[in-house]
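Undergrad: Okay, handing you the structure first.
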Amino acid sequence: MTTTTDPERHRLVSPEPGAPRRSLASWCARHRWSTLLAALIVVAVGVVLLGGGLHTSTGAGQLVGDSRKASKLLEGADFGEKPAEHVVISARRGTLSDGQVARIGQEMKDAFGGVEGVAAVGRPVVSADARTALVPIDLAAGKNDDEAIEATAKRLFPVTDRVAAAHPDLEVGQTGEGSLNAGVGEQIESDFRKAELISLPVTLAILLLAFGSVVAAFVPVLLGVAAVGTALGLTALISRWYEVDQNTQSIVLLIGLAVGVDYALFVIRRSRQERAHGLAVRDTIRVAGLTAGRAVIISGITVVVSMAGMLVAGGLYTSLAIGAMIVVAIAVIASATVLPALLSLLGDRIEWLRLPLIGRRVGREASVDGPWGRLAGAVSRRPLIWTLAATALLIALAVPAAGMHTSLPGVESLPQDLPPVKATTTMVEAFPQQGSSIEVVVGAPAGSAAQVRTALREAWPVAVGTGEVVGDEAVVRTSLDGTVSVLDLPIRYDDSDERAALAVEEVRDTVVPAVQRSLPEGSQVHLAGVAMGTELSAWMDSRLLPVVGFVLVLTFVVMVLSFGSLWLALATVLLNLLSVGAGYGVITSIFQNTWAEGLLDFTSIGSIASWLPLLMFVILFGLSMDYHVFVVSRVREAWQGGASARDAVRIGVARSAGTVTSAAAVMVAVFAIFATMSVLEMKQLGVGLATAVFIDATVVRGILLPAVLATLGERAHRKPRWVPTIH
């Protein structure tokens, strides 16, 4: 191993006064086989547990408030209705004649009547403009048998295609719950398979550029994948007693790979830098554990604190928090124990399969003469000007977030080129009553069904009088036992339209009281349908501020205990808020407008998914702490080694720049893959996270953080006597 010298290293071997000569990393390095065997057992147990699958919650379990009560009434009611698919037939030119409609009806019966799972084929219903006919196909499956419904829908697809091929003058499509689940589900699975196939090679490619060695590049990926597998196994175990949200697995995968790779990257790069400076392998592991390892632990604690904010939100966020906290904790433990054992086992073999040219740069990674070091030097000489300029840029990026509108969109957020989605859009345009609707759900004592139906029909004129409801007549459904009745109130807006929420409140204020006046004693009235989404969306919005407050306070406490500086802790909170705010502004500017539709291949619905702001906050706030803690640790280390406060900024930023750039590149690349997905909400998540991480790793950590540290000077490193610190 070639030894190099660096006059500005400032006692890298002993980064903290009184730092222990022994550490957890050293112990794991000495007992590498025991550590690795224990890790293999833990991973194997996680894989076995994962084999049992995750028990996910759906339906009423994800709702809140009044709509949750309505959903529970509906789930327990049997209306005697068969699930149905619909064939939508539109004339490409002109209108459909009576003769055409009659022939279509007979042809539909002949084509679909003999398909397995079809109970009956209904008569065509013609739209008011006579351009579209709707043919209902009743299915034999039970209303809650999602697998059978989807299977029958798939069997209908080729029949629909044959009918369409036989009538080139007509536009023929198929829609329904089964069709949408099958078509969209296949598209989403295809998107995720593509993301998985692309993400690992991209991550490996970036790590190869970062390390210049194939073996070194594989180690972080190995730890990240192992952390995700173990965390999913533990989450599956927990789900046997507490059902988790169906998106938990995706969140664990997304966060687990990000932090698992980043934490390993921090430690391995520091170990290799020390080895390049002539330390023995065991000493490099000890120093890496006391420096980068300590930064990983502090960062991991703050990430866990950030994810715990979702526990404050409660509801469906609880299971997301559980999965995220587990995978981050496992990634930290793996970096603190398994990674030192692997480094001890590999020794200099971690340099095996080095790439030409790239692999030779390892010994020069601590140079302060690189671009980031020079920029940090310029920033530290005029910190106030740079602080104001960077802050102004971030605030400008964040301004659009003030106009953010959130919603839980319906079919309008799905890929519009999918046949079932196109058929749904055509159906709703021709038959508005088939689109979004507010359901007035009444639970009443047995034997009062006639009175309830009368009350609901009498409320229909009141509903129409609000100006929000479309349709010609009241449609009332009553359960077979007569205890639950539903009045459908079709509205003219998509679920994501902000006017849909206003329509729900108008119905709640006018129609519900009109119904209640005529109901028997002991009855209950709740709203479902569109109200489920608008109420859940409002609840998500209301949880954001408590979560932000919780995360900020705990992050401040963790930073004070970790670094001892009240000023530094305050700066940390403010910088991360600016970073997240800029991310919010970017996604609002992109997705609530149309200027980027062609660039990113989407159709704007004028809103952001309601679950995104809170989830994006905890993820970004947590992940940005990785870079923040790592940079601050290197700056603190240089200061403790004898550098002035301003020189320490230049040295620390330069030494951490390569690691932060590599880690950010991995995250941006992985998140950007999500931006290519077809479903709009996933695209919003991917673009939001990728752009926010890029802004954070460049403007915030490359300019604003050095400027703030230089402005604070000694105050960023000295602590009051009464403030305890953790080592």
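Each chain of the structure tokens is named A, B, ... in the order shown, its residues numbered from 1; ligands are numbered from 1 in display order.
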If you count only C-alpha atoms, which residues fall within 8 Å of stretch 530-532 of chain A, apart from same-chain ones fewer than 4 positions away, as a ChimeraX atom specification?

TA: /A:63,67-68,436-439,495,500-501,504,536

Undergrad: Export N, CA, C and O atoms of the chosen residues as a tab-separated table (two decimals), in the first residue's frame?

TA:
```tsv
chain	number	residue	atom	x	y	z
A	63	LEU	N	-58.97	4.59	6.53
A	63	LEU	CA	-59.75	5.81	6.52
A	63	LEU	C	-59.82	6.44	7.90
A	63	LEU	O	-59.39	5.86	8.90
A	67	SER	N	-66.02	9.14	7.27
A	67	SER	CA	-65.98	8.20	6.15
A	67	SER	C	-65.54	6.81	6.61
A	67	SER	O	-65.89	5.81	5.98
A	68	ARG	N	-64.76	6.72	7.67
A	68	ARG	CA	-64.38	5.41	8.21
A	68	ARG	C	-65.61	4.68	8.73
A	68	ARG	O	-65.77	3.47	8.51
A	436	SER	N	-67.24	10.18	-10.47
A	436	SER	CA	-67.11	10.42	-9.04
A	436	SER	C	-68.47	10.71	-8.41
A	436	SER	O	-69.30	11.41	-9.00
A	437	SER	N	-68.68	10.17	-7.23
A	437	SER	CA	-69.96	10.41	-6.56
A	437	SER	C	-69.76	10.44	-5.05
A	437	SER	O	-68.83	9.84	-4.51
A	438	ILE	N	-70.64	11.18	-4.40
A	438	ILE	CA	-70.70	11.21	-2.93
A	438	ILE	C	-71.82	10.26	-2.52
A	438	ILE	O	-72.93	10.33	-3.06
A	439	GLU	N	-71.52	9.37	-1.59
A	439	GLU	CA	-72.52	8.41	-1.14
A	439	GLU	C	-73.03	8.81	0.24
A	439	GLU	O	-72.24	8.98	1.17
A	495	ASP	N	-61.83	13.32	-8.53
A	495	ASP	CA	-61.49	13.24	-7.12
A	495	ASP	C	-60.41	14.25	-6.74
A	495	ASP	O	-60.38	14.74	-5.60
A	500	ALA	N	-64.08	19.23	-5.46
A	500	ALA	CA	-64.71	18.02	-4.94
A	500	ALA	C	-64.86	18.11	-3.42
A	500	ALA	O	-65.89	17.71	-2.86
A	501	ALA	N	-63.84	18.63	-2.75
A	501	ALA	CA	-63.91	18.78	-1.29
A	501	ALA	C	-65.00	19.77	-0.91
A	501	ALA	O	-65.72	19.57	0.09
A	504	VAL	N	-68.33	18.04	-1.18
A	504	VAL	CA	-68.57	17.16	-0.02
A	504	VAL	C	-69.08	17.96	1.16
A	504	VAL	O	-70.04	17.57	1.84
A	536	LEU	N	-59.74	11.95	4.13
A	536	LEU	CA	-58.41	11.42	4.41
A	536	LEU	C	-57.34	12.42	3.99
A	536	LEU	O	-56.33	12.59	4.69
```

Undergrad: Tell me which protein, DNA and RNA residues are within 10 Å of A:Glu412, counting only C-alpha atoms, leaving out same-chain ones fewer than 2 positions away, and put them as a list in words.

TA: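 Counting only C-alpha atoms, the residues come to Pro409, Gly410, Leu414, Pro415, Gln416, Val421, Lys422, Thr424, Thr425, Asp494, Asp495, Ser496, Thr603, Ser604, Ile605, Val679 and Leu680 of chain A.
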
Undergrad: Between atom CA of A:Arg718 and atom CA of A:Asp647, what distance in Å does the model show, to one decimal?

TA: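 Rounded to one decimal, the two atoms are 16.1 Å apart.
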
Undergrad: Within 7 Å of stretch 283-300 of chain A, which residues of stretch 575-673 of chain A come that close, and what is the closest atom pair and distance in Å for each? Count only C-alpha atoms and give it as JSON lines.

TA:
```
{"residue": "A:Met625", "atom": "CA", "partner": "A:Ser299", "partner_atom": "CA", "distance": 5.8}
{"residue": "A:Asp626", "atom": "CA", "partner": "A:Ser299", "partner_atom": "CA", "distance": 5.2}
{"residue": "A:Val629", "atom": "CA", "partner": "A:Ala295", "partner_atom": "CA", "distance": 5.9}
{"residue": "A:Phe630", "atom": "CA", "partner": "A:Ala295", "partner_atom": "CA", "distance": 5.6}
{"residue": "A:Ser633", "atom": "CA", "partner": "A:Ala295", "partner_atom": "CA", "distance": 6.5}
```

Undergrad: A:Gly309, A:Pro419, A:Gly52, A:Gly114: which is nearest A:Ile238, counting only C-alpha atoms?

TA: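 Using only C-alpha atoms, the shortest distance to A:Ile238 belongs to A:Gly52.
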
Undergrad: May I have the residues within 8 Å of stretch 79-88 of chain A as JSON, numbers by chain, using only C-alpha atoms and disregarding those fewer than 3 positions away in the same chain?

TA: {"A": [132, 133, 134, 135, 136, 137, 138, 139, 140, 141, 142, 143, 149, 153, 160, 171, 172, 173, 174, 175, 176, 177, 178, 179, 423, 426, 427, 477, 478, 479, 480]}

Undergrad: Limited to N, CA and C atoms, could you put the picked residues into a file as a tab-separated table (two decimals), in the first residue's frame?

TA:
```
chain	number	residue	atom	x	y	z
A	132	THR	N	-72.38	7.02	-27.53
A	132	THR	CA	-71.74	5.96	-26.74
A	132	THR	C	-72.79	5.03	-26.16
A	133	ALA	N	-72.46	3.72	-26.17
A	133	ALA	CA	-73.32	2.72	-25.52
A	133	ALA	C	-72.51	2.00	-24.46
A	134	LEU	N	-73.20	1.68	-23.38
A	134	LEU	CA	-72.55	1.01	-22.25
A	134	LEU	C	-73.22	-0.33	-22.02
A	135	VAL	N	-72.42	-1.41	-22.08
A	135	VAL	CA	-72.96	-2.75	-21.91
A	135	VAL	C	-72.45	-3.33	-20.59
A	136	PRO	N	-73.34	-3.54	-19.58
A	136	PRO	CA	-72.90	-4.11	-18.30
A	136	PRO	C	-72.74	-5.63	-18.40
A	137	ILE	N	-71.70	-6.15	-17.78
A	137	ILE	CA	-71.46	-7.59	-17.74
A	137	ILE	C	-71.36	-8.01	-16.28
A	138	ASP	N	-72.39	-8.66	-15.78
A	138	ASP	CA	-72.40	-9.12	-14.39
A	138	ASP	C	-71.49	-10.34	-14.24
A	139	LEU	N	-70.72	-10.34	-13.15
A	139	LEU	CA	-69.78	-11.43	-12.90
A	139	LEU	C	-70.33	-12.37	-11.84
A	140	ALA	N	-69.89	-13.61	-11.88
A	140	ALA	CA	-70.37	-14.61	-10.93
A	140	ALA	C	-69.65	-14.53	-9.59
A	141	ALA	N	-68.51	-13.84	-9.54
A	141	ALA	CA	-67.71	-13.76	-8.31
A	141	ALA	C	-68.43	-12.95	-7.25
A	142	GLY	N	-68.07	-13.21	-5.99
A	142	GLY	CA	-68.60	-12.42	-4.89
A	142	GLY	C	-68.02	-11.02	-4.91
A	143	LYS	N	-68.68	-10.08	-4.26
A	143	LYS	CA	-68.28	-8.67	-4.36
A	143	LYS	C	-66.93	-8.41	-3.73
A	149	ILE	N	-62.65	-11.62	-9.39
A	149	ILE	CA	-63.08	-10.50	-10.23
A	149	ILE	C	-61.99	-10.15	-11.24
A	153	ALA	N	-61.98	-10.53	-15.37
A	153	ALA	CA	-61.70	-9.36	-16.21
A	153	ALA	C	-60.60	-9.66	-17.22
A	160	THR	N	-62.88	-8.62	-25.75
A	160	THR	CA	-63.07	-7.21	-26.07
A	160	THR	C	-62.22	-6.81	-27.26
A	171	GLU	N	-65.10	2.56	-31.41
A	171	GLU	CA	-64.06	2.51	-30.38
A	171	GLU	C	-64.60	1.66	-29.23
A	172	VAL	N	-63.98	0.52	-28.99
A	172	VAL	CA	-64.47	-0.44	-28.01
A	172	VAL	C	-63.45	-0.58	-26.87
A	173	GLY	N	-63.91	-0.44	-25.65
A	173	GLY	CA	-63.02	-0.58	-24.49
A	173	GLY	C	-63.72	-1.28	-23.35
A	174	GLN	N	-62.94	-1.71	-22.38
A	174	GLN	CA	-63.46	-2.45	-21.23
A	174	GLN	C	-62.99	-1.78	-19.96
A	175	THR	N	-63.91	-1.61	-19.02
A	175	THR	CA	-63.56	-0.98	-17.76
A	175	THR	C	-64.32	-1.64	-16.62
A	176	GLY	N	-63.90	-1.32	-15.42
A	176	GLY	CA	-64.48	-1.92	-14.22
A	176	GLY	C	-63.39	-2.11	-13.18
A	177	GLU	N	-63.78	-2.48	-11.99
A	177	GLU	CA	-62.82	-2.66	-10.92
A	177	GLU	C	-61.77	-3.72	-11.28
A	178	GLY	N	-62.22	-4.82	-11.83
A	178	GLY	CA	-61.30	-5.89	-12.20
A	178	GLY	C	-60.37	-5.47	-13.32
A	179	SER	N	-60.90	-4.79	-14.34
A	179	SER	CA	-60.08	-4.34	-15.47
A	179	SER	C	-59.02	-3.35	-15.01
A	423	ALA	N	-61.00	3.65	-21.41
A	423	ALA	CA	-62.41	3.27	-21.44
A	423	ALA	C	-63.17	3.94	-20.29
A	426	THR	N	-63.78	7.59	-21.19
A	426	THR	CA	-64.85	7.69	-22.18
A	426	THR	C	-66.22	7.47	-21.52
A	427	MET	N	-66.30	6.48	-20.63
A	427	MET	CA	-67.56	6.17	-19.97
A	427	MET	C	-68.04	7.34	-19.12
A	477	ARG	N	-79.88	2.42	-2.99
A	477	ARG	CA	-79.63	0.98	-2.82
A	477	ARG	C	-79.84	0.62	-1.35
A	478	THR	N	-80.45	-0.54	-1.11
A	478	THR	CA	-80.71	-0.99	0.26
A	478	THR	C	-80.19	-2.40	0.44
A	479	SER	N	-79.53	-2.66	1.55
A	479	SER	CA	-78.99	-4.00	1.82
A	479	SER	C	-80.12	-5.00	1.98
A	480	LEU	N	-79.80	-6.28	1.79
A	480	LEU	CA	-80.82	-7.33	1.85
A	480	LEU	C	-81.49	-7.40	3.21
```

Undergrad: Write out as a PyMOL selection string the residues lying within 12 Å of A:Arg349, counting only C-alpha atoms and excluding same-chain residues fewer than 4 positions away.

TA: chain A and resi 1+213-216+219+272+281+342-345+353-354

Undergrad: I need the chosen residues saved as a short mmCIF file (atom, residue, chain, number, x, y, z; two decimals), in the first residue's frame, with N, CA and C atoms.

TA:
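So part-v9.cif came out as:
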```
data_model
loop_
_atom_site.label_atom_id
_atom_site.label_comp_id
_atom_site.auth_asym_id
_atom_site.auth_seq_id
_atom_site.Cartn_x
_atom_site.Cartn_y
_atom_site.Cartn_z
N MET A 1 0.85 -1.20 0.00
CA MET A 1 0.00 0.00 0.00
C MET A 1 0.88 1.24 0.00
N SER A 213 -12.92 0.17 -7.35
CA SER A 213 -12.68 -1.25 -7.07
C SER A 213 -14.00 -1.99 -7.08
N VAL A 214 -14.05 -3.12 -7.77
CA VAL A 214 -15.28 -3.90 -7.86
C VAL A 214 -15.67 -4.45 -6.51
N VAL A 215 -14.71 -4.99 -5.75
CA VAL A 215 -15.01 -5.57 -4.44
C VAL A 215 -15.54 -4.50 -3.50
N ALA A 216 -14.88 -3.34 -3.46
CA ALA A 216 -15.34 -2.26 -2.58
C ALA A 216 -16.73 -1.77 -2.95
N VAL A 219 -19.63 -4.24 -1.62
CA VAL A 219 -19.89 -4.36 -0.18
C VAL A 219 -21.07 -3.48 0.27
N ARG A 272 -10.45 3.43 3.74
CA ARG A 272 -9.49 3.38 2.63
C ARG A 272 -8.59 4.61 2.61
N VAL A 281 -4.41 -2.18 8.75
CA VAL A 281 -5.83 -2.45 8.49
C VAL A 281 -6.66 -2.30 9.75
N LEU A 342 -16.33 -7.36 7.96
CA LEU A 342 -16.03 -7.58 6.54
C LEU A 342 -14.72 -6.91 6.14
N LEU A 343 -14.50 -5.69 6.61
CA LEU A 343 -13.26 -4.98 6.28
C LEU A 343 -12.05 -5.70 6.85
N SER A 344 -12.22 -6.26 8.05
CA SER A 344 -11.12 -7.02 8.65
C SER A 344 -10.85 -8.29 7.86
N LEU A 345 -11.92 -8.95 7.41
CA LEU A 345 -11.78 -10.18 6.64
C LEU A 345 -11.14 -9.91 5.28
N LEU A 353 -9.70 -6.13 -8.09
CA LEU A 353 -10.40 -5.77 -9.32
C LEU A 353 -10.54 -4.25 -9.46
N ARG A 354 -9.41 -3.59 -9.24
CA ARG A 354 -9.41 -2.13 -9.36
C ARG A 354 -9.54 -1.71 -10.81
#
```

Undergrad: Find, counting only C-alpha atoms, the residue in A:Val548, A:Ala151, A:Val267, A:Leu197 that gets nearest to A:Ala182.

TA: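 Of A:Val548, A:Ala151, A:Val267, A:Leu197, the one nearest A:Ala182 is A:Ala151, counting only C-alpha atoms.
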
Undergrad: Which distance in Å separates atom CA of A:Ser190 and atom CA of A:Gln249, to one decimal?

TA: 16.4 Å

Undergrad: Work out how far atom CA of A:Thr483 is from atom CA of A:Gln433, in Å to one decimal.

TA: 24.8 Å

Undergrad: Which of these residues is nearest to A:Lys154, using only C-alpha atoms: A:Gly465, A:Pro420, A:Gly641, A:Pro168?

TA: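 Distance minimum relative to A:Lys154 lands on A:Pro420.
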
Undergrad: Excluding A:Tyr584 and its own-chain neighbours fewer than 6 positions away, which residues fall within 10 Å of it when counting only C-alpha atoms? Please give them as a PDB file with C-alpha atoms, in the first residue's frame.

TA:
```
ATOM      1  CA  LEU A 397     -37.367  27.681  -5.015  1.00  0.00           C
ATOM      2  CA  ALA A 398     -39.682  27.183  -2.018  1.00  0.00           C
ATOM      3  CA  VAL A 399     -42.122  30.011  -2.861  1.00  0.00           C
ATOM      4  CA  PRO A 400     -44.416  27.909  -5.125  1.00  0.00           C
ATOM      5  CA  ALA A 401     -45.043  25.559  -2.169  1.00  0.00           C
ATOM      6  CA  ALA A 402     -47.278  28.263  -0.659  1.00  0.00           C
ATOM      7  CA  MET A 404     -49.581  23.637  -3.006  1.00  0.00           C
ATOM      8  CA  LEU A 578     -34.827  25.335   3.758  1.00  0.00           C
ATOM      9  CA  ILE A 608     -49.947  16.839  -5.272  1.00  0.00           C
ATOM     10  CA  LEU A 612     -46.487  13.023  -0.271  1.00  0.00           C
ATOM     11  CA  PRO A 613     -45.687  16.202   1.763  1.00  0.00           C
ATOM     12  CA  MET A 616     -41.313  13.552   1.727  1.00  0.00           C
ATOM     13  CA  PHE A 617     -40.548  15.675   4.798  1.00  0.00           C
ATOM     14  CA  GLY A 688     -39.453  15.370  -5.472  1.00  0.00           C
ATOM     15  CA  LEU A 689     -36.855  13.225  -3.722  1.00  0.00           C
ATOM     16  CA  THR A 691     -34.381  17.116  -6.976  1.00  0.00           C
ATOM     17  CA  ALA A 692     -34.436  17.761  -3.225  1.00  0.00           C
TER      18      ALA A 692
END
```

Undergrad: Within 10 Å of A:Asp601, counting only C-alpha atoms, which residues show up once you throw out same-chain ones fewer than 3 positions away? Write them as a list in words, please.

TA: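 Those residues are Pro415, Ala596, Glu597, Gly598, Ser604, Ala675, Thr676, Met677, Ser678, Leu680 and Lys683 of chain A.
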
Undergrad: Please produce a file of the residues just selected, as a PDB file, in the first residue's frame, where the atoms kept are all heavy atoms.

TA:
```
ATOM      1  N   PRO A 415     -51.990   5.989 -15.670  1.00  0.00           N
ATOM      2  CA  PRO A 415     -51.523   6.158 -17.053  1.00  0.00           C
ATOM      3  C   PRO A 415     -52.696   6.231 -18.031  1.00  0.00           C
ATOM      4  O   PRO A 415     -53.457   5.271 -18.169  1.00  0.00           O
ATOM      5  CB  PRO A 415     -50.674   4.902 -17.286  1.00  0.00           C
ATOM      6  CG  PRO A 415     -50.252   4.457 -15.927  1.00  0.00           C
ATOM      7  CD  PRO A 415     -51.379   4.811 -15.013  1.00  0.00           C
ATOM      8  N   ALA A 596     -43.931  21.207 -17.647  1.00  0.00           N
ATOM      9  CA  ALA A 596     -42.999  20.077 -17.666  1.00  0.00           C
ATOM     10  C   ALA A 596     -43.655  18.777 -18.120  1.00  0.00           C
ATOM     11  O   ALA A 596     -43.035  17.721 -18.046  1.00  0.00           O
ATOM     12  CB  ALA A 596     -42.390  19.888 -16.274  1.00  0.00           C
ATOM     13  N   GLU A 597     -44.897  18.845 -18.609  1.00  0.00           N
ATOM     14  CA  GLU A 597     -45.607  17.618 -18.984  1.00  0.00           C
ATOM     15  C   GLU A 597     -44.860  16.837 -20.062  1.00  0.00           C
ATOM     16  O   GLU A 597     -44.685  15.615 -19.958  1.00  0.00           O
ATOM     17  CB  GLU A 597     -47.020  17.960 -19.456  1.00  0.00           C
ATOM     18  CG  GLU A 597     -47.956  18.383 -18.345  1.00  0.00           C
ATOM     19  CD  GLU A 597     -49.357  18.661 -18.854  1.00  0.00           C
ATOM     20  OE1 GLU A 597     -49.495  19.038 -20.038  1.00  0.00           O
ATOM     21  OE2 GLU A 597     -50.317  18.514 -18.075  1.00  0.00           O
ATOM     22  N   GLY A 598     -44.437  17.518 -21.104  1.00  0.00           N
ATOM     23  CA  GLY A 598     -43.731  16.837 -22.181  1.00  0.00           C
ATOM     24  C   GLY A 598     -42.371  16.327 -21.741  1.00  0.00           C
ATOM     25  O   GLY A 598     -41.935  15.245 -22.156  1.00  0.00           O
ATOM     26  N   SER A 604     -50.821  16.902 -15.999  1.00  0.00           N
ATOM     27  CA  SER A 604     -51.053  17.541 -14.702  1.00  0.00           C
ATOM     28  C   SER A 604     -52.525  17.447 -14.304  1.00  0.00           C
ATOM     29  O   SER A 604     -53.417  17.659 -15.118  1.00  0.00           O
ATOM     30  CB  SER A 604     -50.632  19.007 -14.758  1.00  0.00           C
ATOM     31  OG  SER A 604     -50.951  19.663 -13.546  1.00  0.00           O
ATOM     32  N   ALA A 675     -39.067   8.473 -10.982  1.00  0.00           N
ATOM     33  CA  ALA A 675     -39.667   9.535 -11.788  1.00  0.00           C
ATOM     34  C   ALA A 675     -40.075   9.045 -13.167  1.00  0.00           C
ATOM     35  O   ALA A 675     -40.844   9.708 -13.857  1.00  0.00           O
ATOM     36  CB  ALA A 675     -38.700  10.703 -11.924  1.00  0.00           C
ATOM     37  N   THR A 676     -39.580   7.881 -13.589  1.00  0.00           N
ATOM     38  CA  THR A 676     -39.950   7.332 -14.895  1.00  0.00           C
ATOM     39  C   THR A 676     -41.196   6.469 -14.828  1.00  0.00           C
ATOM     40  O   THR A 676     -41.654   5.975 -15.869  1.00  0.00           O
ATOM     41  CB  THR A 676     -38.791   6.488 -15.468  1.00  0.00           C
ATOM     42  OG1 THR A 676     -38.599   5.319 -14.648  1.00  0.00           O
ATOM     43  CG2 THR A 676     -37.500   7.287 -15.506  1.00  0.00           C
ATOM     44  N   MET A 677     -41.746   6.247 -13.646  1.00  0.00           N
ATOM     45  CA  MET A 677     -42.900   5.363 -13.505  1.00  0.00           C
ATOM     46  C   MET A 677     -44.156   5.985 -14.105  1.00  0.00           C
ATOM     47  O   MET A 677     -44.257   7.208 -14.256  1.00  0.00           O
ATOM     48  CB  MET A 677     -43.122   5.023 -12.036  1.00  0.00           C
ATOM     49  CG  MET A 677     -42.037   4.125 -11.469  1.00  0.00           C
ATOM     50  SD  MET A 677     -42.432   3.535  -9.804  1.00  0.00           S
ATOM     51  CE  MET A 677     -41.104   2.350  -9.563  1.00  0.00           C
ATOM     52  N   SER A 678     -45.112   5.145 -14.422  1.00  0.00           N
ATOM     53  CA  SER A 678     -46.313   5.589 -15.121  1.00  0.00           C
ATOM     54  C   SER A 678     -47.315   6.270 -14.205  1.00  0.00           C
ATOM     55  O   SER A 678     -47.989   7.227 -14.617  1.00  0.00           O
ATOM     56  CB  SER A 678     -46.990   4.388 -15.808  1.00  0.00           C
ATOM     57  OG  SER A 678     -46.096   3.726 -16.660  1.00  0.00           O
ATOM     58  N   LEU A 680     -48.786   8.693 -11.663  1.00  0.00           N
ATOM     59  CA  LEU A 680     -48.400  10.070 -11.387  1.00  0.00           C
ATOM     60  C   LEU A 680     -47.868  10.252  -9.975  1.00  0.00           C
ATOM     61  O   LEU A 680     -46.892  10.990  -9.757  1.00  0.00           O
ATOM     62  CB  LEU A 680     -49.593  11.000 -11.631  1.00  0.00           C
ATOM     63  CG  LEU A 680     -49.341  12.489 -11.437  1.00  0.00           C
ATOM     64  CD1 LEU A 680     -48.252  12.982 -12.377  1.00  0.00           C
ATOM     65  CD2 LEU A 680     -50.618  13.280 -11.650  1.00  0.00           C
ATOM     66  N   LYS A 683     -44.364   9.161  -9.742  1.00  0.00           N
ATOM     67  CA  LYS A 683     -43.528  10.120 -10.472  1.00  0.00           C
ATOM     68  C   LYS A 683     -43.270  11.353  -9.602  1.00  0.00           C
ATOM     69  O   LYS A 683     -42.145  11.873  -9.559  1.00  0.00           O
ATOM     70  CB  LYS A 683     -44.221  10.503 -11.784  1.00  0.00           C
ATOM     71  CG  LYS A 683     -43.329  11.270 -12.752  1.00  0.00           C
ATOM     72  CD  LYS A 683     -44.102  11.631 -14.016  1.00  0.00           C
ATOM     73  CE  LYS A 683     -44.415  10.412 -14.852  1.00  0.00           C
ATOM     74  NZ  LYS A 683     -43.211   9.868 -15.522  1.00  0.00           N
TER      75      LYS A 683
END
```

Undergrad: Given the choices A:Ala571, A:Ile188, A:Ala669, A:Val700, which gets closest to A:Arg715 if the distance is worked out from only C-alpha atoms?

TA: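 Of A:Ala571, A:Ile188, A:Ala669, A:Val700, the one nearest A:Arg715, counting only C-alpha atoms, is A:Ala571.
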